>>> print(open('run_39.tsv').read())   # TSV, C-alpha atoms
chain	number	residue	atom	x	y	z
B	1	MET	CA	-19.24	28.50	1.74
B	2	ARG	CA	-16.43	28.59	4.25
B	3	SER	CA	-13.07	30.19	4.47
B	4	THR	CA	-9.97	28.07	4.73
B	5	ASP	CA	-8.33	29.93	7.57
B	6	ALA	CA	-10.62	28.69	10.29
B	7	PRO	CA	-9.52	26.13	12.81
B	8	ARG	CA	-10.07	22.61	11.62
B	9	THR	CA	-10.55	20.23	14.46
B	10	ARG	CA	-10.96	17.11	12.36
B	11	ARG	CA	-8.54	15.79	9.81
B	12	GLU	CA	-8.69	12.87	7.43
B	13	ASN	CA	-8.38	10.54	10.40
B	14	LYS	CA	-10.85	7.88	9.47
B	15	ALA	CA	-10.76	4.19	8.71
B	16	TRP	CA	-13.09	4.33	5.74
B	17	SER	CA	-13.28	5.85	2.29
B	18	ALA	CA	-16.37	7.37	0.73
B	19	ARG	CA	-14.88	7.07	-2.71
B	20	SER	CA	-16.51	4.86	-5.35
B	21	ILE	CA	-14.50	1.82	-6.49
B	22	GLY	CA	-15.55	2.47	-10.08
B	23	SER	CA	-13.49	4.57	-12.46
B	24	ARG	CA	-14.79	7.66	-14.23
B	25	TRP	CA	-15.36	5.82	-17.54
B	26	GLN	CA	-17.21	3.01	-15.79
B	27	HIS	CA	-19.59	5.53	-14.23
B	28	ARG	CA	-20.07	7.25	-17.57
B	29	PHE	CA	-20.79	3.91	-19.23
B	30	PHE	CA	-23.54	3.23	-16.70
B	31	TYR	CA	-24.97	6.72	-16.99
B	32	ALA	CA	-25.18	6.26	-20.79
B	33	LEU	CA	-26.71	2.80	-20.42
B	34	ILE	CA	-29.39	4.16	-18.09
B	35	ARG	CA	-30.11	7.07	-20.38
B	36	PHE	CA	-30.43	5.03	-23.57
B	37	ALA	CA	-31.51	1.54	-22.42
B	38	GLY	CA	-33.16	2.21	-19.09
B	39	ARG	CA	-32.80	1.16	-15.52
B	40	ARG	CA	-33.52	-2.55	-16.01
B	41	ALA	CA	-30.78	-2.96	-18.62
B	42	ALA	CA	-28.37	-1.41	-16.14
B	43	TYR	CA	-29.55	-3.89	-13.49
B	44	VAL	CA	-28.59	-6.80	-15.79
B	45	MET	CA	-25.16	-5.27	-16.33
B	46	VAL	CA	-24.78	-4.83	-12.56
B	47	ASP	CA	-25.50	-8.52	-12.03
B	48	PHE	CA	-22.68	-9.51	-14.39
B	49	ILE	CA	-20.23	-7.00	-13.00
B	50	ALA	CA	-21.02	-8.09	-9.44
B	51	LEU	CA	-20.22	-11.67	-10.45
B	52	TYR	CA	-16.94	-10.54	-11.96
B	53	TYR	CA	-16.02	-8.60	-8.82
B	54	VAL	CA	-16.85	-11.48	-6.51
B	55	LEU	CA	-15.00	-14.11	-8.54
B	56	PHE	CA	-12.02	-12.20	-9.88
B	57	ARG	CA	-11.50	-9.12	-7.71
B	58	PRO	CA	-10.79	-10.40	-4.20
B	59	SER	CA	-9.62	-6.92	-3.20
B	60	VAL	CA	-13.20	-5.72	-3.69
B	61	ARG	CA	-14.79	-8.79	-2.16
B	62	VAL	CA	-12.83	-8.50	1.08
B	63	ARG	CA	-14.30	-5.06	1.75
B	64	SER	CA	-17.66	-6.57	2.63
B	65	LEU	CA	-16.14	-9.54	4.45
B	66	PRO	CA	-15.82	-8.00	7.95
B	67	TYR	CA	-19.54	-7.24	7.99
B	68	LEU	CA	-20.76	-10.40	6.25
B	69	SER	CA	-18.65	-12.72	8.41
B	70	ARG	CA	-20.28	-11.22	11.50
B	71	ARG	CA	-23.76	-11.05	10.09
B	72	PHE	CA	-23.51	-14.65	8.80
B	73	PRO	CA	-20.99	-16.44	11.03
B	74	GLY	CA	-19.99	-19.98	10.14
B	75	ARG	CA	-20.79	-19.76	6.44
B	76	THR	CA	-19.08	-22.13	4.00
B	77	ALA	CA	-16.75	-20.62	1.39
B	78	LEU	CA	-19.42	-21.04	-1.27
B	79	LEU	CA	-22.11	-19.32	0.76
B	80	ARG	CA	-19.65	-16.58	1.61
B	81	LEU	CA	-19.21	-15.97	-2.12
B	82	TRP	CA	-22.99	-15.90	-2.48
B	83	ASP	CA	-23.29	-13.31	0.33
B	84	GLY	CA	-20.60	-11.21	-1.34
B	85	TYR	CA	-22.45	-11.43	-4.64
B	86	ARG	CA	-25.81	-10.50	-3.10
B	87	ILE	CA	-24.52	-7.43	-1.31
B	88	THR	CA	-22.56	-6.30	-4.38
B	89	VAL	CA	-25.68	-6.65	-6.54
B	90	GLU	CA	-27.73	-4.74	-3.97
B	91	ILE	CA	-25.42	-1.76	-3.80
B	92	GLY	CA	-24.97	-1.81	-7.56
B	93	ARG	CA	-28.73	-1.67	-8.09
B	94	VAL	CA	-29.09	1.11	-5.53
B	95	LEU	CA	-26.45	3.11	-7.38
B	96	VAL	CA	-28.27	2.47	-10.66
B	97	ASP	CA	-31.55	3.62	-9.10
B	98	ARG	CA	-29.88	6.72	-7.75
B	99	ALA	CA	-28.42	7.60	-11.13
B	100	ALA	CA	-31.75	6.78	-12.85
B	101	MET	CA	-33.58	9.14	-10.56
B	102	GLY	CA	-31.16	11.90	-11.44
B	103	ILE	CA	-30.92	11.15	-15.18
B	104	LEU	CA	-34.47	10.05	-16.01
B	105	GLY	CA	-36.37	11.96	-13.37
B	106	PRO	CA	-38.10	11.19	-10.07
B	107	GLY	CA	-40.95	9.32	-11.80
B	108	GLN	CA	-38.62	6.33	-12.13
B	109	LEU	CA	-38.90	5.43	-8.49
B	110	THR	CA	-41.27	5.58	-5.58
B	111	VAL	CA	-40.05	6.68	-2.18
B	112	ARG	CA	-42.45	6.07	0.69
B	113	TYR	CA	-42.36	6.70	4.36
B	114	GLY	CA	-45.17	5.73	6.60
B	115	LYS	CA	-44.49	7.96	9.59
B	116	ARG	CA	-44.34	11.37	7.96
B	117	GLU	CA	-46.75	12.77	10.55
B	118	GLU	CA	-44.51	11.62	13.38
B	119	LEU	CA	-41.52	13.35	11.81
B	120	LEU	CA	-43.60	16.49	11.29
B	121	GLU	CA	-44.64	16.47	14.95
B	122	ARG	CA	-40.99	16.30	16.00
B	123	VAL	CA	-40.18	19.23	13.69
B	124	ARG	CA	-43.07	21.23	15.14
B	125	GLU	CA	-41.47	21.03	18.59
B	126	GLY	CA	-39.30	23.87	17.28
B	127	ARG	CA	-36.00	22.61	18.64
B	128	GLY	CA	-34.76	21.21	15.37
B	129	LEU	CA	-34.74	17.55	14.44
B	130	ILE	CA	-31.73	15.25	14.29
B	131	LEU	CA	-32.11	12.29	11.98
B	132	VAL	CA	-29.50	9.64	12.53
B	133	THR	CA	-29.05	6.94	9.98
B	134	ALA	CA	-26.48	4.51	8.63
B	135	HIS	CA	-25.00	3.55	5.29
B	136	ALA	CA	-28.06	1.51	4.54
B	137	GLY	CA	-30.25	1.44	1.45
B	138	CYS	CA	-29.83	4.78	-0.24
B	139	TRP	CA	-29.67	7.81	2.02
B	140	GLN	CA	-30.11	10.14	-0.96
B	141	PHE	CA	-33.61	8.85	-1.52
B	142	ALA	CA	-34.33	9.55	2.13
B	143	MET	CA	-33.05	13.06	1.72
B	144	GLU	CA	-35.13	13.56	-1.40
B	145	SER	CA	-38.23	12.36	0.43
B	146	LEU	CA	-37.53	14.77	3.28
B	147	ARG	CA	-38.51	17.57	0.92
B	148	LEU	CA	-42.01	16.60	2.01
B	149	LEU	CA	-41.31	17.94	5.50
B	150	ASP	CA	-41.18	21.47	4.06
B	151	THR	CA	-38.33	22.26	6.41
B	152	PRO	CA	-34.77	23.13	5.38
B	153	THR	CA	-32.59	20.06	5.74
B	154	SER	CA	-28.83	19.75	6.18
B	155	LEU	CA	-26.70	16.66	5.88
B	156	LEU	CA	-23.33	16.00	7.47
B	157	LEU	CA	-21.45	14.56	4.52
B	158	HIS	CA	-17.80	14.12	3.75
B	159	ARG	CA	-16.98	13.73	0.09
B	160	GLU	CA	-13.62	12.40	-0.99
B	161	ASP	CA	-11.52	14.54	-3.30
B	162	GLY	CA	-11.82	13.20	-6.84
B	163	ASP	CA	-14.88	11.03	-6.20
B	164	VAL	CA	-16.51	10.46	-9.60
B	165	ASP	CA	-19.82	9.14	-8.31
B	166	LEU	CA	-22.47	11.80	-8.90
B	167	HIS	CA	-25.30	12.66	-6.52
B	168	ILE	CA	-28.92	12.77	-7.72
B	169	PHE	CA	-29.03	16.55	-7.97
B	170	GLU	CA	-25.74	16.60	-9.88
B	171	HIS	CA	-27.25	14.38	-12.57
B	172	ARG	CA	-30.17	16.76	-12.79
B	173	GLY	CA	-27.96	19.83	-12.71
B	174	ASP	CA	-30.17	21.50	-10.11
B	175	GLU	CA	-29.97	22.47	-6.47
B	176	ALA	CA	-29.63	19.77	-3.83
B	177	ALA	CA	-32.67	19.08	-1.68
B	178	PHE	CA	-30.37	19.56	1.26
B	179	ARG	CA	-27.46	21.64	2.41
B	180	ILE	CA	-24.19	19.80	2.93
B	181	ILE	CA	-22.07	20.33	6.04
B	182	ASP	CA	-18.56	18.94	5.75
B	183	PRO	CA	-17.25	17.22	8.91
B	184	ALA	CA	-13.73	18.02	7.70
B	185	GLY	CA	-14.61	21.72	7.86
B	186	PRO	CA	-14.09	24.26	10.66
B	187	PHE	CA	-14.88	22.88	14.12
B	188	GLY	CA	-15.83	19.59	12.45
B	189	GLY	CA	-19.00	21.26	11.22
B	190	ALA	CA	-20.24	21.31	14.82
B	191	LEU	CA	-21.18	24.98	14.91
B	192	GLU	CA	-22.98	24.82	11.58
B	193	MET	CA	-24.96	21.85	12.86
B	194	LEU	CA	-25.77	23.75	16.03
B	195	GLN	CA	-27.09	26.68	14.01
B	196	VAL	CA	-29.28	24.37	11.91
B	197	LEU	CA	-30.93	23.08	15.06
B	198	LYS	CA	-31.26	26.52	16.62
B	199	HIS	CA	-33.23	27.54	13.54
B	200	GLY	CA	-35.59	24.62	14.06
B	201	GLU	CA	-34.37	22.82	10.94
B	202	VAL	CA	-33.60	19.20	10.14
B	203	LEU	CA	-30.10	17.78	10.47
B	204	CYS	CA	-29.21	14.35	9.13
B	205	ILE	CA	-26.10	12.50	10.36
B	206	MET	CA	-24.66	9.11	9.45
B	207	ALA	CA	-24.02	7.67	12.88
B	208	ASP	CA	-22.27	4.46	11.87
B	209	ARG	CA	-18.92	5.92	10.83
B	210	ALA	CA	-16.53	7.89	12.98
B	211	MET	CA	-14.51	10.77	11.70
B	212	GLY	CA	-12.27	12.70	14.03
B	213	GLY	CA	-10.31	11.67	17.06
B	214	ASP	CA	-11.15	8.99	19.57
B	215	ARG	CA	-12.53	11.66	21.89
B	216	SER	CA	-15.57	12.23	19.72
B	217	THR	CA	-16.54	8.56	19.75
B	218	VAL	CA	-17.52	5.70	22.00
B	219	VAL	CA	-16.94	1.99	21.51
B	220	VAL	CA	-20.10	-0.13	21.50
B	221	GLU	CA	-21.05	-3.74	20.71
B	222	PHE	CA	-22.30	-4.41	17.19
B	223	LEU	CA	-22.93	-7.91	15.83
B	224	GLY	CA	-20.84	-9.46	18.56
B	225	GLY	CA	-17.81	-7.19	18.21
B	226	ARG	CA	-16.76	-3.73	19.28
B	227	VAL	CA	-17.10	-0.78	16.91
B	228	ARG	CA	-16.41	2.91	17.25
B	229	VAL	CA	-19.29	5.29	16.58
B	230	PRO	CA	-19.59	9.07	16.83
B	231	VAL	CA	-21.35	10.79	19.73
B	232	SER	CA	-21.83	14.18	18.05
B	233	PRO	CA	-25.54	13.62	17.20
B	234	TYR	CA	-26.35	12.99	20.84
B	235	GLN	CA	-24.18	15.81	22.13
B	236	LEU	CA	-25.94	18.24	19.79
B	237	ALA	CA	-29.27	16.91	21.04
B	238	SER	CA	-28.16	17.41	24.64
B	239	ALA	CA	-27.10	20.98	23.91
B	240	THR	CA	-30.24	21.97	22.00
B	241	GLY	CA	-33.06	19.72	23.25
B	242	ALA	CA	-33.63	18.48	19.70
B	243	PRO	CA	-35.22	15.04	19.43
B	244	VAL	CA	-33.19	12.33	17.70
B	245	VAL	CA	-35.01	10.06	15.28
B	246	VAL	CA	-33.30	6.92	13.98
B	247	ILE	CA	-34.20	6.27	10.35
B	248	PHE	CA	-33.15	3.68	7.78
B	249	PRO	CA	-33.91	4.12	4.10
B	250	TYR	CA	-34.06	0.81	2.22
B	251	LYS	CA	-34.96	-0.69	-1.12
B	252	SER	CA	-38.34	-2.32	-0.58
B	253	GLY	CA	-38.85	-3.67	-4.10
B	254	PRO	CA	-38.08	-3.00	-7.74
B	255	GLY	CA	-38.28	0.73	-8.16
B	256	ASN	CA	-39.48	1.21	-4.58
B	257	TYR	CA	-37.77	2.67	-1.55
B	258	SER	CA	-39.07	3.11	1.98
B	259	LEU	CA	-38.00	5.06	5.00
B	260	GLN	CA	-38.14	3.15	8.27
B	261	VAL	CA	-38.57	5.32	11.36
B	262	ALA	CA	-36.94	2.95	13.82
B	263	LYS	CA	-36.74	4.88	17.07
B	264	VAL	CA	-37.09	8.28	18.75
B	265	LEU	CA	-34.41	9.16	21.30
B	266	ARG	CA	-34.69	11.91	23.92
B	267	VAL	CA	-31.24	12.92	25.08
B	268	GLN	CA	-30.88	14.36	28.56
B	269	GLY	CA	-29.82	18.02	28.60
B	270	GLY	CA	-26.50	19.29	29.91
B	271	LEU	CA	-24.51	16.08	29.53
B	272	GLY	CA	-21.39	18.04	28.63
B	273	ARG	CA	-18.31	17.03	26.70
B	274	THR	CA	-17.55	13.55	27.99
B	275	PRO	CA	-18.26	10.98	25.25
B	276	GLU	CA	-19.13	8.29	27.79
B	277	ALA	CA	-22.18	10.32	28.83
B	278	TYR	CA	-23.65	9.60	25.40
B	279	ARG	CA	-22.95	5.87	25.34
B	280	PRO	CA	-26.58	4.85	26.12
B	281	TYR	CA	-27.83	6.74	23.07
B	282	ALA	CA	-25.10	5.38	20.79
B	283	GLU	CA	-26.03	1.90	22.03
B	284	GLU	CA	-29.70	2.50	21.29
B	285	PHE	CA	-28.78	3.51	17.75
B	286	ILE	CA	-26.65	0.41	17.29
B	287	ARG	CA	-29.44	-1.84	18.61
B	288	ALA	CA	-31.76	-0.31	16.02
B	289	LEU	CA	-29.12	-0.88	13.34
B	290	GLU	CA	-28.77	-4.50	14.40
B	291	GLY	CA	-32.52	-4.87	13.97
B	292	PHE	CA	-32.26	-3.36	10.51
B	293	VAL	CA	-29.45	-5.66	9.33
B	294	GLU	CA	-31.30	-8.62	10.82
B	295	GLU	CA	-34.23	-7.88	8.52
B	296	ARG	CA	-32.28	-6.63	5.51
B	297	PRO	CA	-28.78	-8.08	5.68
B	298	TYR	CA	-27.78	-7.15	2.13
B	299	GLN	CA	-28.68	-3.50	2.49
B	300	PHE	CA	-25.97	-2.41	4.89
B	301	PHE	CA	-23.14	-0.88	2.90
B	302	ASN	CA	-20.33	-0.14	5.29
B	303	PHE	CA	-17.51	-1.58	3.22
B	304	PHE	CA	-14.66	-1.34	5.70
B	305	ASP	CA	-13.63	-3.14	8.86
B	306	MET	CA	-15.70	-1.38	11.49
B	307	TRP	CA	-14.39	-3.81	14.08
B	308	ASN	CA	-10.78	-2.76	13.67
B	309	LEU	CA	-10.29	-0.49	16.67
B	310	GLU	CA	-6.85	0.88	16.00
B	311	PRO	CA	-6.61	4.23	17.75
B	312	MET	CA	-7.57	7.20	15.60
B	313	ARG	CA	-5.19	10.10	15.47
E	1	MET	CA	-11.97	39.47	38.27
E	2	THR	CA	-11.24	40.39	34.65
E	3	THR	CA	-13.17	38.87	31.77
E	4	VAL	CA	-10.08	36.88	30.78
E	5	GLU	CA	-9.81	35.40	34.27
E	6	LYS	CA	-13.51	34.67	34.38
E	7	VAL	CA	-13.39	32.90	31.00
E	8	LYS	CA	-10.40	30.81	32.08
E	9	LYS	CA	-12.18	29.77	35.27
E	10	ILE	CA	-15.39	28.88	33.47
E	11	LEU	CA	-13.60	26.83	30.82
E	12	VAL	CA	-11.61	24.85	33.36
E	13	GLU	CA	-14.75	24.14	35.40
E	14	ASP	CA	-17.34	23.59	32.69
E	15	LEU	CA	-15.12	21.73	30.24
E	16	HIS	CA	-13.55	19.72	33.09
E	17	LEU	CA	-10.05	20.40	31.79
E	18	GLU	CA	-8.23	17.86	33.90
E	19	GLY	CA	-4.87	18.81	35.32
E	20	LEU	CA	-5.27	22.45	34.40
E	21	THR	CA	-5.86	25.48	36.57
E	22	PRO	CA	-6.90	28.89	35.22
E	23	GLY	CA	-3.38	30.12	35.89
E	24	ASP	CA	-1.90	27.44	33.61
E	25	ILE	CA	-3.74	28.68	30.53
E	26	ASP	CA	-1.97	31.00	28.12
E	27	GLU	CA	-4.62	33.53	27.14
E	28	ASN	CA	-3.09	33.98	23.68
E	29	ALA	CA	-2.70	30.29	22.84
E	30	PRO	CA	-5.15	28.80	20.30
E	31	LEU	CA	-8.18	27.17	21.87
E	32	PHE	CA	-8.40	24.43	19.24
E	33	GLY	CA	-5.78	22.01	18.01
E	34	GLU	CA	-2.42	23.11	19.33
E	35	GLY	CA	-2.68	25.18	22.49
E	36	LEU	CA	-5.57	24.29	24.75
E	37	GLY	CA	-6.36	21.29	22.55
E	38	LEU	CA	-10.11	21.66	22.32
E	39	ASP	CA	-11.98	19.80	19.57
E	40	SER	CA	-15.30	19.97	17.74
E	41	LEU	CA	-17.26	18.56	20.69
E	42	ASP	CA	-15.88	21.41	22.76
E	43	ALA	CA	-16.99	23.96	20.16
E	44	VAL	CA	-20.59	22.98	20.89
E	45	GLU	CA	-19.94	23.26	24.61
E	46	LEU	CA	-18.35	26.67	24.16
E	47	VAL	CA	-21.50	27.94	22.49
E	48	VAL	CA	-23.57	26.54	25.37
E	49	ILE	CA	-21.21	28.12	27.91
E	50	MET	CA	-21.47	31.51	26.23
E	51	GLN	CA	-25.24	31.36	26.45
E	52	LYS	CA	-25.31	30.05	30.00
E	53	HIS	CA	-22.76	32.36	31.63
E	54	PHE	CA	-22.97	35.51	29.52
E	55	GLY	CA	-26.35	35.31	27.81
E	56	ILE	CA	-24.59	35.55	24.47
E	57	ASP	CA	-25.91	33.65	21.48
E	58	ILE	CA	-23.25	33.19	18.82
E	59	GLN	CA	-25.12	33.74	15.60
E	60	ASN	CA	-22.80	32.67	12.83
E	61	MET	CA	-19.59	30.94	11.89
E	62	ASP	CA	-17.66	34.14	11.26
E	63	GLU	CA	-18.33	35.32	14.80
E	64	ALA	CA	-17.32	31.93	16.16
E	65	LYS	CA	-14.12	31.80	14.13
E	66	THR	CA	-13.12	35.17	15.53
E	67	ALA	CA	-14.20	34.54	19.11
E	68	PHE	CA	-12.78	31.02	19.39
E	69	GLN	CA	-9.22	31.93	18.40
E	70	SER	CA	-7.96	32.21	21.98
E	71	ILE	CA	-9.03	33.06	25.53
E	72	HIS	CA	-8.08	36.65	24.85
E	73	ALA	CA	-10.15	36.78	21.66
E	74	LEU	CA	-13.08	35.16	23.45
E	75	ALA	CA	-12.93	37.65	26.32
E	76	SER	CA	-12.74	40.57	23.88
E	77	TYR	CA	-15.73	39.21	22.00
E	78	ILE	CA	-17.73	38.87	25.21
E	79	GLU	CA	-16.88	42.39	26.31
E	80	ALA	CA	-17.84	43.79	22.91
E	81	ARG	CA	-21.14	41.94	22.85
E	82	LEU	CA	-22.02	42.92	26.42
E	83	SER	CA	-21.14	46.57	25.86
E	84	ASN	CA	-23.37	46.61	22.77
E	85	GLY	CA	-26.23	45.36	24.89
>>> encode(input="run_39.tsv", output="structure tokens")
Amino acid sequence: MRSTDAPRTRRENKAWSARSIGSRWQHRFFYALIRFAGRRAAYVMVDFIALYYVLFRPSVRVRSLPYLSRRFPGRTALLRLWDGYRITVEIGRVLVDRAAMGILGPGQLTVRYGKREELLERVREGRGLILVTAHAGCWQFAMESLRLLDTPTSLLLHREDGDVDLHIFEHRGDEAAFRIIDPAGPFGGALEMLQVLKHGEVLCIMADRAMGGDRSTVVVEFLGGRVRVPVSPYQLASATGAPVVVIFPYKSGPGNYSLQVAKVLRVQGGLGRTPEAYRPYAEEFIRALEGFVEERPYQFFNFFDMWNLEPMR
Amino acid sequence: MTTVEKVKKILVEDLHLEGLTPGDIDENAPLFGEGLGLDSLDAVELVVIMQKHFGIDIQNMDEAKTAFQSIHALASYIEARLSNG
């Protein structure tokens, strides 16, 4: 898709890892369980494994601690364990659902979004559409549901080398519902994203994790602390006139997922290259994310210390 | 004013390259990373600048990779595109 001789303006300078904590055989075990015993049997297994992780694998438990301790300040040690268990079960079940959708077919799950018409109207403006979201619920279900927009969709996604966790389309062995743009690619993927918008297509960006140097981010308040978030979605919107829609996919019940259209942002044109110019939009996104985690605290899966602001290279 | 000089002036002004004058910029130095030190945010701005000042729409990544090598490469690209109408 791209040559390797182009300038790369972003390196592996990030505080997080997109790699699954499970080993290859553990993933294969779950895939087999889903295939032969079904999704609910895998849920039961997830519940036990989550308990094991929370009680006996502190190195895993601490990954969710920075978020949970801010979302639920002042918890006792016992309640903290409970929070860790709940969020581990939630992500485990989401991963099971994702695999089930790929292995057993889309009939396993229902994905709903109530504001399809609003998204379609934004697409019809003809300036492209930027969807910003976070590591909440299961973004892959959101992307699958975006097929309904009948518009080519691209996703800014960095995949770790050697990650053994399969995407839905990889289980099915077919084409992805979306095109992937790698932020570690030439120009940080910026020009590919620009082209997507110029063609009036849909671009989806996770706006809760920064990748790249400090200059492509701003620091904003989130759950009472300061976090670093990227400004590229808003800069692209400023350059192209594309509307920005904040969405959060979430698990709304057993076998059900929904897409919340939280906010539409209109970014002023010609704001240029200074990250600070985009702070108001990054703050609006973070306020929407705070609203989401207020309602669904166990469906935010950013398992690293977002509040650690050590300078990025 | 040559195209190289014009490009240097536009970049300094539109990208607000603090502490730099057009005369300070080596026209053969890389624009990104080492050299002028531009980053991915600047790549977007470069595309906007090309449209705004020269009416040139960069269509694909291959063109961008060629044009964004250096000031000299960018100026050559602009001249080629303008001469082709």
>>> residues_around(input="run_39.tsv", residues="Leu265 of chain B", least_positions_apart="2", cutoff="12 Å", atoms="only C-alpha atoms", output="number ranges by chain")
B: 122, 129-132, 233-234, 237-238, 241-247, 261-263, 267-268, 278, 280-285, 288
>>> write_last_selection(input="run_39.tsv", atoms="C-alpha atoms", output="PDB file, in the frame of the given file")
ATOM      1  CA  ARG B 122     -40.990  16.300  16.000  1.00  0.00           C
ATOM      2  CA  LEU B 129     -34.740  17.550  14.440  1.00  0.00           C
ATOM      3  CA  ILE B 130     -31.730  15.250  14.290  1.00  0.00           C
ATOM      4  CA  LEU B 131     -32.110  12.290  11.980  1.00  0.00           C
ATOM      5  CA  VAL B 132     -29.500   9.640  12.530  1.00  0.00           C
ATOM      6  CA  PRO B 233     -25.540  13.620  17.200  1.00  0.00           C
ATOM      7  CA  TYR B 234     -26.350  12.990  20.840  1.00  0.00           C
ATOM      8  CA  ALA B 237     -29.270  16.910  21.040  1.00  0.00           C
ATOM      9  CA  SER B 238     -28.160  17.410  24.640  1.00  0.00           C
ATOM     10  CA  GLY B 241     -33.060  19.720  23.250  1.00  0.00           C
ATOM     11  CA  ALA B 242     -33.630  18.480  19.700  1.00  0.00           C
ATOM     12  CA  PRO B 243     -35.220  15.040  19.430  1.00  0.00           C
ATOM     13  CA  VAL B 244     -33.190  12.330  17.700  1.00  0.00           C
ATOM     14  CA  VAL B 245     -35.010  10.060  15.280  1.00  0.00           C
ATOM     15  CA  VAL B 246     -33.300   6.920  13.980  1.00  0.00           C
ATOM     16  CA  ILE B 247     -34.200   6.270  10.350  1.00  0.00           C
ATOM     17  CA  VAL B 261     -38.570   5.320  11.360  1.00  0.00           C
ATOM     18  CA  ALA B 262     -36.940   2.950  13.820  1.00  0.00           C
ATOM     19  CA  LYS B 263     -36.740   4.880  17.070  1.00  0.00           C
ATOM     20  CA  VAL B 267     -31.240  12.920  25.080  1.00  0.00           C
ATOM     21  CA  GLN B 268     -30.880  14.360  28.560  1.00  0.00           C
ATOM     22  CA  TYR B 278     -23.650   9.600  25.400  1.00  0.00           C
ATOM     23  CA  PRO B 280     -26.580   4.850  26.120  1.00  0.00           C
ATOM     24  CA  TYR B 281     -27.830   6.740  23.070  1.00  0.00           C
ATOM     25  CA  ALA B 282     -25.100   5.380  20.790  1.00  0.00           C
ATOM     26  CA  GLU B 283     -26.030   1.900  22.030  1.00  0.00           C
ATOM     27  CA  GLU B 284     -29.700   2.500  21.290  1.00  0.00           C
ATOM     28  CA  PHE B 285     -28.780   3.510  17.750  1.00  0.00           C
ATOM     29  CA  ALA B 288     -31.760  -0.310  16.020  1.00  0.00           C
TER      30      ALA B 288
END
>>> residues_around(input="run_39.tsv", residues="Glu79 of chain E", least_positions_apart="2", cutoff="12 Å", atoms="all atoms listed in the file", output="MDAnalysis selection string")
chainID E and resid 2:4 6:7 50 54:56 67 72:77 81:85
>>> interface_residues(input="run_39.tsv", of="chain E", to="chain B", cutoff="12 Å", atoms="only C-alpha atoms", output="ChimeraX atom specification")
/E:11,13-18,30-35,37-49,51-52,57-70
>>> residues_around(input="run_39.tsv", residues="Val94 of chain B", least_positions_apart="2", cutoff="12 Å", atoms="only C-alpha atoms", output="JSON, numbers by chain")
{"B": [39, 40, 42, 43, 46, 87, 88, 89, 90, 91, 92, 96, 97, 98, 99, 100, 101, 109, 135, 136, 137, 138, 139, 140, 141, 168, 249, 250, 251, 252, 253, 254, 255, 256, 257, 298, 299, 300, 301]}
>>> atom_distance(input="run_39.tsv", atom1="atom CA of Val196 of chain B", atom2="atom CA of Gly128 of chain B")
7.2 Å
>>> atom_distance(input="run_39.tsv", atom1="atom CA of Leu79 of chain B", atom2="atom CA of Ala41 of chain B")
26.8 Å
>>> atom_distance(input="run_39.tsv", atom1="atom CA of Asp26 of chain E", atom2="atom CA of Glu5 of chain E")
10.9 Å
>>> residues_near_point(input="run_39.tsv", point="(-27.6, 14.4, 3.7)", cutoff="9 Å", atoms="all atoms listed in the file", output="PyMOL selection string")
chain B and resi 139-140+142-143+153-157+177-181+203-206
>>> residues_around(input="run_39.tsv", residues="Arg35 of chain B", least_positions_apart="4", cutoff="7 Å", atoms="all atoms listed in the file", output="PDB file with C-alpha atoms, keeping the file's coordinate frame")
ATOM      1  CA  TYR B  31     -24.970   6.720 -16.990  1.00  0.00           C
ATOM      2  CA  ILE B 103     -30.920  11.150 -15.180  1.00  0.00           C
ATOM      3  CA  LEU B 104     -34.470  10.050 -16.010  1.00  0.00           C
TER       4      LEU B 104
END
>>> closest_residue(input="run_39.tsv", among="B:Glu276, B:Gly84, B:Arg296, B:Val264", to="Pro66 of chain B", atoms="all atoms listed in the file")
B:Gly84
>>> axis_aligned_box(input="run_39.tsv", around="segment 25-43 of chain B", padding_each_side="3 Å", output="JSON")
{"center_x": -24.4, "center_y": 1.7, "center_z": -18.5, "size_x": 24.2, "size_y": 17.1, "size_z": 16.1}
>>> closest_residue(input="run_39.tsv", among="B:Arg70, B:Arg112, B:Arg266, B:Arg75", to="Glu221 of chain B", atoms="all atoms listed in the file")
B:Arg70
>>> residues_around(input="run_39.tsv", residues="Glu290 of chain B", least_positions_apart="4", cutoff="7 Å", atoms="all atoms listed in the file", output="PyMOL selection string")
chain B and resi 223+286+294
>>> closest_residue(input="run_39.tsv", among="B:Glu310, B:Lys115, B:Val60, B:Val293", to="Phe72 of chain B", atoms="only C-alpha atoms")
B:Val293
>>> build_atoms(input="run_39.tsv", residues="segment 296-300 of chain B", atoms="N, CA and C atoms", output="mmCIF file, in the frame of the given file")
data_model
loop_
_atom_site.group_PDB
_atom_site.id
_atom_site.type_symbol
_atom_site.label_atom_id
_atom_site.label_comp_id
_atom_site.auth_asym_id
_atom_site.auth_seq_id
_atom_site.Cartn_x
_atom_site.Cartn_y
_atom_site.Cartn_z
ATOM 1 N N ARG B 296 -32.741 -6.912 6.879
ATOM 2 C CA ARG B 296 -32.280 -6.630 5.510
ATOM 3 C C ARG B 296 -30.754 -6.702 5.454
ATOM 4 N N PRO B 297 -30.233 -7.934 5.542
ATOM 5 C CA PRO B 297 -28.780 -8.080 5.680
ATOM 6 C C PRO B 297 -27.969 -7.570 4.503
ATOM 7 N N TYR B 298 -28.561 -7.563 3.311
ATOM 8 C CA TYR B 298 -27.780 -7.150 2.130
ATOM 9 C C TYR B 298 -27.965 -5.684 1.801
ATOM 10 N N GLN B 299 -28.513 -4.935 2.751
ATOM 11 C CA GLN B 299 -28.680 -3.500 2.490
ATOM 12 C C GLN B 299 -27.901 -2.635 3.467
ATOM 13 N N PHE B 300 -26.864 -3.187 4.031
ATOM 14 C CA PHE B 300 -25.970 -2.410 4.890
ATOM 15 C C PHE B 300 -24.639 -2.301 4.165
#
